[in-house]
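Novice: Here you go, this is coords_9.cif (mmCIF, C-alpha atoms and all ligand atoms).
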data_work
#
loop_
_atom_site.label_atom_id
_atom_site.label_comp_id
_atom_site.auth_asym_id
_atom_site.auth_seq_id
_atom_site.Cartn_x
_atom_site.Cartn_y
_atom_site.Cartn_z
CA MET D 1 0.00 0.00 0.00
CA THR D 2 1.29 3.47 -0.85
CA GLU D 3 1.40 5.85 2.10
CA VAL D 4 1.27 9.62 1.61
CA LEU D 5 1.52 12.63 3.89
CA VAL D 6 -1.02 15.40 3.28
CA THR D 7 -0.04 18.69 4.94
CA GLY D 8 -3.02 20.99 5.42
CA GLY D 9 -5.28 18.00 4.87
CA ALA D 10 -8.04 19.31 7.16
CA GLY D 11 -8.51 22.39 4.96
CA TYR D 12 -10.86 23.00 2.06
CA ILE D 13 -8.82 21.49 -0.77
CA GLY D 14 -6.83 19.07 1.41
CA SER D 15 -9.96 17.38 2.77
CA HIS D 16 -11.23 16.76 -0.77
CA MET D 17 -7.78 15.40 -1.62
CA CYS D 18 -8.01 12.95 1.28
CA VAL D 19 -11.31 11.56 -0.04
CA GLU D 20 -9.88 10.90 -3.50
CA LEU D 21 -6.63 9.46 -2.11
CA LEU D 22 -8.45 7.04 0.20
CA GLN D 23 -10.83 6.03 -2.58
CA ALA D 24 -7.84 5.42 -4.87
CA GLY D 25 -6.35 3.06 -2.26
CA TYR D 26 -3.68 5.24 -0.66
CA ASP D 27 -2.94 5.21 3.06
CA VAL D 28 -3.24 8.80 4.26
CA VAL D 29 -1.61 10.70 7.12
CA VAL D 30 -2.70 14.32 7.64
CA ALA D 31 -0.55 16.93 9.38
CA ASP D 32 -2.46 20.14 10.11
CA ASN D 33 -2.33 22.76 12.87
CA LEU D 34 -6.05 23.53 12.42
CA SER D 35 -5.23 27.25 12.15
CA ASN D 36 -7.84 27.61 9.40
CA SER D 37 -9.84 24.40 9.61
CA SER D 38 -11.72 21.94 11.78
CA ALA D 39 -10.90 18.30 12.49
CA ARG D 40 -14.57 17.68 11.72
CA SER D 41 -13.66 17.79 8.04
CA LEU D 42 -11.53 14.68 8.57
CA GLN D 43 -14.36 12.88 10.37
CA ALA D 44 -16.52 13.65 7.34
CA VAL D 45 -13.80 12.34 5.00
CA GLN D 46 -13.84 9.03 6.88
CA ARG D 47 -17.65 8.89 6.78
CA ILE D 48 -17.68 9.49 3.02
CA THR D 49 -15.00 6.92 2.26
CA GLN D 50 -15.68 4.44 5.08
CA LYS D 51 -11.89 4.29 5.44
CA PRO D 52 -9.63 5.41 8.27
CA LEU D 53 -6.93 8.05 8.05
CA SER D 54 -4.31 9.18 10.58
CA PHE D 55 -4.37 12.76 11.82
CA VAL D 56 -1.48 14.51 13.56
CA GLU D 57 -2.29 17.99 14.89
CA MET D 58 0.97 19.83 14.39
CA ASP D 59 2.61 22.79 12.76
CA ILE D 60 4.85 21.93 9.81
CA ARG D 61 7.42 24.42 11.13
CA ASP D 62 7.94 22.20 14.19
CA GLU D 63 11.17 20.47 13.15
CA GLU D 64 11.24 17.90 15.94
CA ARG D 65 7.69 16.73 15.39
CA LEU D 66 8.22 16.67 11.65
CA ALA D 67 11.34 14.51 12.02
CA ALA D 68 9.45 12.17 14.36
CA LEU D 69 6.61 11.92 11.85
CA PHE D 70 9.00 10.92 9.07
CA ARG D 71 10.67 8.38 11.40
CA SER D 72 7.38 6.72 12.26
CA HIS D 73 6.13 6.38 8.65
CA ARG D 74 7.59 5.38 5.31
CA PHE D 75 5.95 7.96 3.08
CA ASP D 76 6.11 7.50 -0.67
CA ALA D 77 5.11 11.08 -1.36
CA VAL D 78 3.98 14.33 0.25
CA LEU D 79 1.08 16.49 -0.94
CA HIS D 80 1.71 19.93 0.52
CA PHE D 81 -1.40 22.08 1.03
CA ALA D 82 -0.51 23.68 4.39
CA GLY D 83 -0.33 27.43 3.99
CA LEU D 84 -2.04 30.76 4.48
CA LYS D 85 -4.01 32.02 1.49
CA ALA D 86 -5.77 35.35 2.12
CA VAL D 87 -4.39 38.06 -0.16
CA ALA D 88 -5.44 41.10 1.93
CA GLU D 89 -4.18 39.48 5.13
CA SER D 90 -0.82 38.85 3.46
CA VAL D 91 -0.53 42.58 2.72
CA ALA D 92 -1.21 43.42 6.38
CA GLU D 93 0.90 40.61 7.89
CA PRO D 94 3.65 39.78 5.38
CA LEU D 95 6.05 38.24 7.91
CA ARG D 96 3.43 35.75 9.07
CA TYR D 97 2.89 34.76 5.44
CA TYR D 98 6.59 34.39 4.62
CA ASP D 99 7.18 32.42 7.80
CA ASN D 100 4.25 30.09 7.36
CA ASN D 101 4.41 29.54 3.60
CA VAL D 102 8.12 29.82 2.75
CA ASN D 103 9.73 28.78 6.03
CA GLY D 104 7.08 26.07 6.51
CA THR D 105 7.91 24.57 3.12
CA LEU D 106 11.64 24.82 3.82
CA ARG D 107 11.21 22.87 7.07
CA LEU D 108 9.10 20.30 5.26
CA VAL D 109 11.52 19.64 2.40
CA GLU D 110 14.45 19.47 4.85
CA ALA D 111 12.62 16.76 6.80
CA MET D 112 11.75 14.99 3.54
CA SER D 113 15.34 15.14 2.39
CA SER D 114 16.66 13.72 5.67
CA ALA D 115 14.14 10.90 5.48
CA GLY D 116 14.90 10.20 1.80
CA VAL D 117 11.34 11.05 0.74
CA LYS D 118 11.78 13.00 -2.48
CA THR D 119 8.39 13.09 -4.17
CA LEU D 120 6.35 16.25 -3.61
CA VAL D 121 3.20 17.85 -5.00
CA PHE D 122 2.94 21.54 -4.13
CA SER D 123 -0.17 23.79 -4.14
CA SER D 124 0.91 26.78 -6.14
CA SER D 125 -1.44 29.37 -7.54
CA ALA D 126 -2.24 31.23 -10.73
CA THR D 127 -1.61 34.28 -8.59
CA VAL D 128 2.11 33.83 -9.46
CA TYR D 129 1.27 35.11 -12.97
CA GLY D 130 0.20 38.50 -11.61
CA THR D 131 -1.37 40.77 -14.21
CA GLN D 132 -1.34 39.19 -17.68
CA GLU D 133 -2.60 40.98 -20.76
CA ARG D 134 -3.03 37.76 -22.72
CA VAL D 135 -5.49 35.01 -21.93
CA PRO D 136 -5.61 32.04 -21.78
CA ILE D 137 -2.49 31.90 -19.61
CA ASP D 138 -0.05 29.08 -20.21
CA GLU D 139 2.91 28.02 -18.08
CA SER D 140 5.41 29.93 -20.21
CA ALA D 141 3.84 33.27 -19.21
CA GLY D 142 6.07 35.39 -17.01
CA THR D 143 5.61 35.44 -13.25
CA ALA D 144 5.13 38.73 -11.38
CA PRO D 145 2.86 38.29 -8.36
CA THR D 146 1.31 41.51 -7.10
CA ASN D 147 0.98 40.76 -3.38
CA PRO D 148 2.95 39.06 -0.55
CA TYR D 149 0.81 35.89 -0.70
CA GLY D 150 1.63 35.46 -4.37
CA ARG D 151 5.29 36.16 -3.74
CA THR D 152 5.42 33.41 -1.09
CA LYS D 153 4.07 30.98 -3.69
CA LEU D 154 6.62 32.08 -6.28
CA GLN D 155 9.48 31.89 -3.76
CA VAL D 156 8.50 28.35 -2.86
CA GLU D 157 8.40 27.44 -6.56
CA GLN D 158 11.92 28.89 -6.95
CA LEU D 159 13.19 27.08 -3.86
CA LEU D 160 11.83 23.80 -5.23
CA HIS D 161 13.34 24.41 -8.68
CA ASP D 162 16.73 24.95 -7.04
CA LEU D 163 16.31 21.78 -5.00
CA GLY D 164 15.42 19.78 -8.11
CA ASP D 165 18.46 21.21 -9.93
CA ALA D 166 20.78 20.29 -7.06
CA ASP D 167 19.56 16.72 -6.53
CA ALA D 168 18.29 14.71 -9.49
CA GLN D 169 16.42 12.30 -7.23
CA TRP D 170 13.65 14.80 -6.50
CA ARG D 171 10.30 14.45 -8.25
CA ILE D 172 8.35 17.68 -7.79
CA SER D 173 5.03 18.80 -9.22
CA LEU D 174 4.12 22.49 -8.98
CA LEU D 175 0.39 22.85 -9.60
CA ARG D 176 -0.88 26.34 -10.31
CA TYR D 177 -4.55 26.44 -9.34
CA PHE D 178 -6.92 28.93 -10.91
CA ASN D 179 -10.12 29.49 -8.84
CA PRO D 180 -11.01 26.34 -6.86
CA VAL D 181 -14.72 26.29 -5.94
CA GLY D 182 -17.60 23.90 -5.25
CA ALA D 183 -17.78 21.05 -2.80
CA HIS D 184 -17.85 17.27 -2.61
CA PRO D 185 -21.05 15.90 -4.22
CA SER D 186 -21.97 14.24 -0.91
CA GLY D 187 -22.47 17.70 0.64
CA GLU D 188 -20.40 16.53 3.63
CA ILE D 189 -17.24 18.58 3.03
CA GLY D 190 -16.82 22.02 1.52
CA GLU D 191 -15.35 25.47 1.97
CA ASP D 192 -15.88 26.92 5.45
CA PRO D 193 -14.38 30.41 5.72
CA ASN D 194 -13.74 31.64 9.27
CA ASP D 195 -14.96 35.18 8.77
CA ILE D 196 -16.80 36.99 6.00
CA PRO D 197 -15.64 35.28 2.79
CA ASN D 198 -13.12 37.07 0.57
CA ASN D 199 -13.90 35.00 -2.47
CA LEU D 200 -16.88 35.17 -4.78
CA MET D 201 -18.38 31.67 -4.58
CA PRO D 202 -18.56 31.27 -0.78
CA TYR D 203 -19.85 34.83 -0.55
CA ILE D 204 -22.68 34.10 -3.00
CA ALA D 205 -23.50 30.89 -1.14
CA GLN D 206 -23.83 32.79 2.13
CA VAL D 207 -26.09 35.40 0.51
CA ALA D 208 -28.25 32.59 -0.86
CA ILE D 209 -28.58 30.93 2.56
CA GLY D 210 -29.33 34.27 4.26
CA ARG D 211 -26.15 34.67 6.32
CA LEU D 212 -25.12 37.75 4.34
CA PRO D 213 -27.55 40.36 2.96
CA CYS D 214 -26.06 41.34 -0.40
CA LEU D 215 -23.13 40.59 -2.71
CA ARG D 216 -21.01 43.52 -3.79
CA VAL D 217 -19.99 43.10 -7.44
CA PHE D 218 -16.56 44.68 -7.71
CA GLY D 219 -16.84 46.71 -10.88
CA ASP D 220 -18.90 46.39 -14.08
CA ASP D 221 -16.70 48.55 -16.28
CA TYR D 222 -14.05 46.01 -17.23
CA ALA D 223 -13.34 45.20 -20.87
CA THR D 224 -15.35 41.96 -20.71
CA ALA D 225 -18.65 40.96 -22.32
CA ASP D 226 -20.82 42.18 -19.42
CA GLY D 227 -18.23 44.43 -17.76
CA THR D 228 -17.64 42.21 -14.70
CA GLY D 229 -14.46 40.26 -13.91
CA VAL D 230 -13.88 36.93 -15.65
CA ARG D 231 -12.23 33.97 -13.89
CA ASP D 232 -11.55 30.28 -14.40
CA TYR D 233 -13.62 28.45 -11.78
CA ILE D 234 -12.56 24.86 -11.26
CA HIS D 235 -14.50 22.26 -9.27
CA VAL D 236 -12.49 21.19 -6.25
CA VAL D 237 -12.99 17.50 -7.09
CA ASP D 238 -11.53 18.06 -10.56
CA LEU D 239 -8.69 19.97 -8.94
CA VAL D 240 -7.73 17.21 -6.51
CA ASN D 241 -8.01 14.60 -9.24
CA GLY D 242 -5.31 16.58 -11.02
CA HIS D 243 -3.09 15.79 -8.01
CA LEU D 244 -3.70 12.05 -8.41
CA ARG D 245 -2.61 12.39 -12.04
CA ALA D 246 0.43 14.37 -10.89
CA LEU D 247 1.41 11.55 -8.51
CA ASP D 248 1.22 9.10 -11.44
CA TYR D 249 3.30 11.49 -13.55
CA LEU D 250 5.98 11.72 -10.85
CA GLN D 251 6.34 7.93 -10.82
CA ALA D 252 7.66 8.19 -14.38
CA ASN D 253 9.46 11.55 -14.22
CA THR D 254 12.18 13.07 -12.07
CA GLY D 255 12.82 16.81 -11.88
CA VAL D 256 10.42 19.71 -11.44
CA ALA D 257 7.25 20.07 -13.52
CA VAL D 258 4.84 23.02 -13.63
CA HIS D 259 1.19 22.61 -14.62
CA ASN D 260 -1.86 24.86 -14.64
CA LEU D 261 -4.99 23.37 -13.13
CA GLY D 262 -7.91 25.26 -14.60
CA SER D 263 -10.94 24.51 -16.76
CA GLY D 264 -9.80 26.72 -19.61
CA ARG D 265 -13.13 28.55 -19.53
CA GLY D 266 -13.79 32.02 -18.17
CA HIS D 267 -17.01 33.08 -16.44
CA SER D 268 -18.04 36.58 -15.41
CA VAL D 269 -19.31 37.51 -11.95
CA LEU D 270 -22.81 37.99 -13.37
CA GLU D 271 -22.69 34.55 -15.00
CA VAL D 272 -21.72 32.99 -11.67
CA ILE D 273 -24.58 34.80 -9.92
CA ALA D 274 -27.06 33.57 -12.54
CA ALA D 275 -25.77 29.98 -12.31
CA PHE D 276 -26.05 30.04 -8.52
CA GLU D 277 -29.60 31.41 -8.74
CA ARG D 278 -30.52 28.45 -10.98
CA ALA D 279 -28.83 25.94 -8.66
CA SER D 280 -30.37 27.31 -5.47
CA GLY D 281 -33.70 28.51 -6.82
CA ARG D 282 -33.11 31.72 -4.87
CA PRO D 283 -32.40 35.27 -5.99
CA ILE D 284 -28.91 36.54 -5.09
CA ALA D 285 -29.19 40.17 -3.96
CA HIS D 286 -26.29 42.12 -5.44
CA GLU D 287 -25.16 45.65 -6.12
CA VAL D 288 -22.35 46.97 -8.26
CA VAL D 289 -19.64 48.84 -6.36
CA ALA D 290 -16.17 50.12 -7.28
CA ARG D 291 -13.47 47.79 -8.58
CA ARG D 292 -11.46 45.90 -5.94
CA PRO D 293 -7.86 47.14 -5.98
CA GLY D 294 -5.50 44.64 -7.59
CA ASP D 295 -8.19 42.78 -9.57
CA VAL D 296 -7.62 42.04 -13.25
CA ALA D 297 -10.34 41.99 -15.91
CA ARG D 298 -9.82 38.44 -17.13
CA SER D 299 -7.86 35.43 -15.99
CA PHE D 300 -8.26 31.90 -17.26
CA ALA D 301 -5.99 28.98 -17.88
CA ASP D 302 -4.61 27.26 -20.88
CA PRO D 303 -4.81 23.77 -19.32
CA GLY D 304 -3.30 22.09 -22.41
CA LYS D 305 -0.05 21.06 -20.72
CA ALA D 306 -1.90 19.28 -17.89
CA ASN D 307 -4.25 17.71 -20.48
CA ARG D 308 -1.31 16.30 -22.42
CA GLU D 309 1.26 15.47 -19.74
CA LEU D 310 -0.96 14.56 -16.80
CA ASN D 311 -3.78 13.12 -18.90
CA TRP D 312 -6.10 15.35 -16.88
CA THR D 313 -9.01 17.58 -17.74
CA ALA D 314 -11.71 19.34 -15.73
CA THR D 315 -15.08 17.68 -16.25
CA HIS D 316 -17.48 19.61 -13.97
CA ASP D 317 -19.08 22.75 -15.43
CA LEU D 318 -20.26 25.89 -13.64
CA GLU D 319 -23.82 24.53 -13.18
CA ARG D 320 -22.46 21.47 -11.39
CA ILE D 321 -20.06 23.58 -9.32
CA CYS D 322 -22.97 25.72 -8.07
CA GLN D 323 -25.17 22.68 -7.39
CA ASP D 324 -22.48 21.07 -5.23
CA ALA D 325 -21.61 24.33 -3.45
CA TRP D 326 -25.31 24.83 -2.69
CA LYS D 327 -25.71 21.27 -1.38
CA TRP D 328 -22.82 21.82 1.08
CA GLN D 329 -24.21 25.20 2.10
CA THR D 330 -27.75 23.92 2.74
CA ARG D 331 -26.56 20.88 4.68
CA HIS D 332 -24.06 22.94 6.67
CA PRO D 333 -25.42 26.50 6.87
CA ASP D 334 -22.82 27.32 9.53
CA GLY D 335 -20.06 25.20 7.99
CA TYR D 336 -18.50 22.63 10.31
CA ARG D 337 -20.17 24.33 13.27
CA THR D 338 -23.39 22.74 12.01
CA ALA D 339 -23.35 19.30 13.65
P1 LIG D 401 -7.29 26.12 3.75
O1 LIG D 401 -6.91 27.27 4.61
O2 LIG D 401 -8.68 25.62 3.80
O3 LIG D 401 -6.30 24.89 4.03
C1 LIG D 401 -4.97 25.07 4.45
C2 LIG D 401 -4.76 24.15 5.64
O4 LIG D 401 -3.39 24.27 6.08
C3 LIG D 401 -5.64 24.51 6.83
O5 LIG D 401 -6.27 23.35 7.30
C4 LIG D 401 -4.66 25.08 7.86
O6 LIG D 401 -5.09 24.81 9.19
C5 LIG D 401 -3.39 24.35 7.49
N1 LIG D 401 -2.14 25.05 7.85
C6 LIG D 401 -1.78 26.33 7.58
N2 LIG D 401 -0.55 26.58 8.04
C7 LIG D 401 -0.10 25.44 8.62
C8 LIG D 401 1.10 25.07 9.27
N3 LIG D 401 2.09 25.94 9.43
N4 LIG D 401 1.22 23.82 9.74
C9 LIG D 401 0.22 22.94 9.60
N5 LIG D 401 -0.94 23.21 8.99
C10 LIG D 401 -1.10 24.46 8.50
O7 LIG D 401 -6.89 26.52 2.25
P2 LIG D 401 -7.20 25.76 0.88
O8 LIG D 401 -8.11 26.60 0.09
O9 LIG D 401 -7.54 24.35 1.13
O10 LIG D 401 -5.75 25.87 0.20
C11 LIG D 401 -4.82 24.81 0.25
C12 LIG D 401 -3.55 25.25 -0.46
O11 LIG D 401 -3.87 25.60 -1.81
C13 LIG D 401 -2.88 26.49 0.16
O12 LIG D 401 -1.50 26.31 0.11
C14 LIG D 401 -3.32 27.60 -0.76
O13 LIG D 401 -2.39 28.66 -0.77
C15 LIG D 401 -3.36 26.89 -2.10
N6 LIG D 401 -4.26 27.55 -3.06
C16 LIG D 401 -5.56 27.77 -2.71
C17 LIG D 401 -6.43 28.41 -3.61
C18 LIG D 401 -7.85 28.72 -3.24
O14 LIG D 401 -8.45 29.59 -3.86
N7 LIG D 401 -8.45 28.04 -2.27
C19 LIG D 401 -5.92 28.82 -4.85
C20 LIG D 401 -4.59 28.56 -5.18
C21 LIG D 401 -3.78 27.91 -4.27
C1 LIG D 402 -13.41 36.36 -8.35
C2 LIG D 402 -14.14 37.47 -9.09
C3 LIG D 402 -13.79 39.65 -8.13
C4 LIG D 402 -15.79 38.79 -4.32
C5 LIG D 402 -8.33 34.82 -5.44
C6 LIG D 402 -6.87 35.01 -5.11
C7 LIG D 402 -6.02 34.01 -5.84
C8 LIG D 402 -6.52 32.57 -5.62
C9 LIG D 402 -7.99 32.46 -5.83
C10 LIG D 402 -5.21 31.52 -3.88
C11 LIG D 402 -13.31 38.75 -9.26
C12 LIG D 402 -15.24 39.24 -8.00
C13 LIG D 402 -15.27 38.68 -5.60
C14 LIG D 402 -16.90 39.66 -4.10
C15 LIG D 402 -16.89 40.22 -6.44
N1 LIG D 402 -6.27 32.13 -4.27
N2 LIG D 402 -15.79 39.38 -6.64
N3 LIG D 402 -17.41 40.33 -5.18
O1 LIG D 402 -9.53 37.34 -6.88
O2 LIG D 402 -9.77 35.74 -8.83
O3 LIG D 402 -8.52 35.03 -6.82
O4 LIG D 402 -8.69 33.47 -5.10
O5 LIG D 402 -4.21 31.30 -4.48
O6 LIG D 402 -4.73 34.18 -5.38
O7 LIG D 402 -6.49 36.33 -5.48
O8 LIG D 402 -10.98 35.26 -6.68
O9 LIG D 402 -13.19 34.76 -5.75
O10 LIG D 402 -11.92 36.75 -4.83
O11 LIG D 402 -12.87 36.88 -7.13
O12 LIG D 402 -17.38 40.88 -7.36
O13 LIG D 402 -17.39 39.81 -2.96
O14 LIG D 402 -15.29 37.86 -8.30
O15 LIG D 402 -13.68 41.03 -8.40
O16 LIG D 402 -13.66 39.31 -10.51
P1 LIG D 402 -9.69 35.97 -7.37
P2 LIG D 402 -12.25 35.87 -6.00
#
Would you mind writing the file out in structure tokens?
Ligand code: NAD
Ligand code: WQD

Specialist:
Amino acid sequence: MTEVLVTGGAGYIGSHMCVELLQAGYDVVVADNLSNSSARSLQAVQRITQKPLSFVEMDIRDEERLAALFRSHRFDAVLHFAGLKAVAESVAEPLRYYDNNVNGTLRLVEAMSSAGVKTLVFSSSATVYGTQERVPIDESAGTAPTNPYGRTKLQVEQLLHDLGDADAQWRISLLRYFNPVGAHPSGEIGEDPNDIPNNLMPYIAQVAIGRLPCLRVFGDDYATADGTGVRDYIHVVDLVNGHLRALDYLQANTGVAVHNLGSGRGHSVLEVIAAFERASGRPIAHEVVARRPGDVARSFADPGKANRELNWTATHDLERICQDAWKWQTRHPDGYRTA
């Protein structure tokens, strides 16, 4: 049996990853400090899969506990989701972001190296591309992140490239996610923001359920078909399946590989609102306000490289994304606080 370590496995994307890993027959150990998640997600993962997983509540910057973890298991690979991800927070607290995301990854790969575990899948982000004039965006586009969060992701990518150059035994997959959204079709796990959501889809879901009164649409004067921002929304189950394909790819390939994980389609804010209204059967109150600083008009992936090299493609469309997000929201109106 292949055993993998999932850092940040209690979080939104990590918990969906655990479901697919267990269902694919992997043994799974999660390391998470629960700084932005609940262990209830992992109970739900085990209910969905009817399979056990091991959970270690720990910070990945804790070198002693990390070394002990690698001594007590023989991991074949690590999927590294642990990190902080809020753009505005990263502007206000850059040191916390650099310490958690860059230093955390450094500690992790040091422990991996000492233990001789040299296969890693890393959660990078399309945010490393910064502002791009041309869409779709492929992996050869330049990188110029516009905020500290994005710079931590790019620095980790660079660190891992240097590691791969120095030691040919490493097998590293850098996956650049576009906009992960939706929830597991069971409705048992999903995105559970701590405060008022920053991102569009969880915000809309909370307006639909009545937790928030009204969505603010950040600008309708962009050079897009309806004037609102266009993004590449990818179903979280498609996204994590891309990681399974990346693990297969790493079995056959050493070195460092970079792949976009996106659907290749762009949807405007107004299109997302309309799709969520259809999925929920409820009107989504919204008003247009000024643009959000730092936002770009359009961003969507060219997923061709992942299609070809990972044999992966996104299969869930926006309607399905909204249906699954709504199922999670209605079953868990207060997220994991709903028993
Ligand atoms: P999340 O906050 O739900 O999950 C991250 C998990 O990591 C949480 O459970 C948190 O408690 C844990 N964690 C954070 N720091 C830790 C540390 N030092 N030690 C141990 N555990 C720690 O976020 P998510 O949306 O699931 O994102 C997962 C990864 O994907 C992150 O690295 C994020 O930057 C990246 N990513 C997310 C998106 C997105 O829109 N959700 C887009 C691109 C990339
Ligand atoms: C989507 C669209 C907004 C909220 C962010 C991070 C990125 C990545 C994914 C981690 C935009 C509009 C939003 C609202 C709105 N995360 N919007 N009202 O900004 O594309 O990407 O999440 O790596 O790094 O920057 O996603 O969901 O915030 O916004 O009108 O209340 O919805 O202007 O056009 P974004 P988002």

Novice: Using all atoms listed in the file, find each residue with an atom at most 9 Å away from ligand LIG 401 (chain D) and format the answer as a VMD selection string.

Specialist: chain D and resid 7 to 16 31 to 39 57 to 62 80 to 86 99 to 101 103 to 105 122 to 127 149 to 150 153 175 to 181 191 to 193 199 236

Novice: Neighbouring residues of ligand LIG 402 (chain D) are defined here as those with any atom at most 6 Å from a ligand atom, counting only C-alpha atoms and all ligand atoms; list them as a PyMOL selection string.

Specialist: chain D and resi 85+87+125+127+179+198-200+215-218+229-231+269+292+295

Novice: Could you take the residues named above and write them with C-alpha atoms, as a compact mmCIF listing (two decimals), in the coordinates of the input?

Specialist:
# COMPACT_ATOMS: atom_id res chain seq x y z
CA LYS D 85 -4.01 32.02 1.49
CA VAL D 87 -4.39 38.06 -0.16
CA SER D 125 -1.44 29.37 -7.54
CA THR D 127 -1.61 34.28 -8.59
CA ASN D 179 -10.12 29.49 -8.84
CA ASN D 198 -13.12 37.07 0.57
CA ASN D 199 -13.90 35.00 -2.47
CA LEU D 200 -16.88 35.17 -4.78
CA LEU D 215 -23.13 40.59 -2.71
CA ARG D 216 -21.01 43.52 -3.79
CA VAL D 217 -19.99 43.10 -7.44
CA PHE D 218 -16.56 44.68 -7.71
CA GLY D 229 -14.46 40.26 -13.91
CA VAL D 230 -13.88 36.93 -15.65
CA ARG D 231 -12.23 33.97 -13.89
CA VAL D 269 -19.31 37.51 -11.95
CA ARG D 292 -11.46 45.90 -5.94
CA ASP D 295 -8.19 42.78 -9.57

Novice: Neighbours of Lys327 in chain D within 12 Å (all atoms listed in the file; same-chain residues fewer than 3 positions away dropped), as a ChimeraX atom specification?

Specialist: /D:182-191,205,208-209,276,279-280,320-324,330-333,335

Novice: Let's have the selection written as a compact mmCIF listing (two decimals), in the frame of the given file, with C-alpha atoms.

Specialist:
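Result written to result13.txt:
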# COMPACT_ATOMS: atom_id res chain seq x y z
CA GLY D 182 -17.60 23.90 -5.25
CA ALA D 183 -17.78 21.05 -2.80
CA HIS D 184 -17.85 17.27 -2.61
CA PRO D 185 -21.05 15.90 -4.22
CA SER D 186 -21.97 14.24 -0.91
CA GLY D 187 -22.47 17.70 0.64
CA GLU D 188 -20.40 16.53 3.63
CA ILE D 189 -17.24 18.58 3.03
CA GLY D 190 -16.82 22.02 1.52
CA GLU D 191 -15.35 25.47 1.97
CA ALA D 205 -23.50 30.89 -1.14
CA ALA D 208 -28.25 32.59 -0.86
CA ILE D 209 -28.58 30.93 2.56
CA PHE D 276 -26.05 30.04 -8.52
CA ALA D 279 -28.83 25.94 -8.66
CA SER D 280 -30.37 27.31 -5.47
CA ARG D 320 -22.46 21.47 -11.39
CA ILE D 321 -20.06 23.58 -9.32
CA CYS D 322 -22.97 25.72 -8.07
CA GLN D 323 -25.17 22.68 -7.39
CA ASP D 324 -22.48 21.07 -5.23
CA THR D 330 -27.75 23.92 2.74
CA ARG D 331 -26.56 20.88 4.68
CA HIS D 332 -24.06 22.94 6.67
CA PRO D 333 -25.42 26.50 6.87
CA GLY D 335 -20.06 25.20 7.99

Novice: Please report, as lines of an AutoDock Vina configuration file, the centre and edge lengths in Å to one decimal of an axis-aligned box covering all listed atoms of range 80-97 of chain D with 5 Å per side.

Specialist:
center_x = 0.1
center_y = 31.7
center_z = 4.5
size_x = 21.8
size_y = 33.5
size_z = 19.2

Novice: Enter the distance from CA of Ala144 in chain D to CA of Gly294 in chain D, in Å, rounded to one decimal.

Specialist: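 The value is 12.7 Å.
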
Novice: Pick out the closest residue to Thr338 in chain D from this set: D:Pro148, D:Leu239, D:Gln206, D:Arg40. Count all atoms listed in the file.

Specialist: D:Arg40

Novice: Check the smallest atom-to-atom distance from each of D:Gly116, D:Val4, D:Ile273, D:Glu133 to Tyr203 in chain D using all atoms listed in the file, then report the winner.

Specialist: D:Ile273

Novice: Measuring between all atoms listed in the file, which one of D:Ile172, D:Leu66, D:Leu21, D:Phe75 shows the shortest distance to Leu53 in chain D?

Specialist: D:Leu21

Novice: Kindly give the distance, in Å, that separates CA of Ile196 in chain D and CA of Tyr336 in chain D, rounded to a single decimal.

Specialist: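 Calculated distance between CA of Ile196 in chain D and CA of Tyr336 in chain D is 15.1 Å.
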
Novice: Tell me, as a list in words, which residues lie within 10 Å of Leu310 in chain D, counting all atoms listed in the file; anything in the same chain fewer than 5 positions away does not count.

Specialist: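 Counting all atoms listed in the file, the residues come to Gly242, His243, Leu244, Arg245, Ala246, Leu247, Asp248, Tyr249, Leu250, His259, Gly304 and Lys305 of chain D.
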
Novice: In Å, how far is it from CA of Leu5 in chain D to CA of Arg71 in chain D?

Specialist: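 So the answer is 12.6 Å.
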
Novice: Using only C-alpha atoms, which protein or nucleic acid residues come within 12 Å of Leu159 in chain D? Drop anything in the same chain fewer than 3 positions from it, and give the result as a PyMOL selection string.

Specialist: chain D and resi 101-103+105-107+109-110+122+152-156+162-166+172+174+256
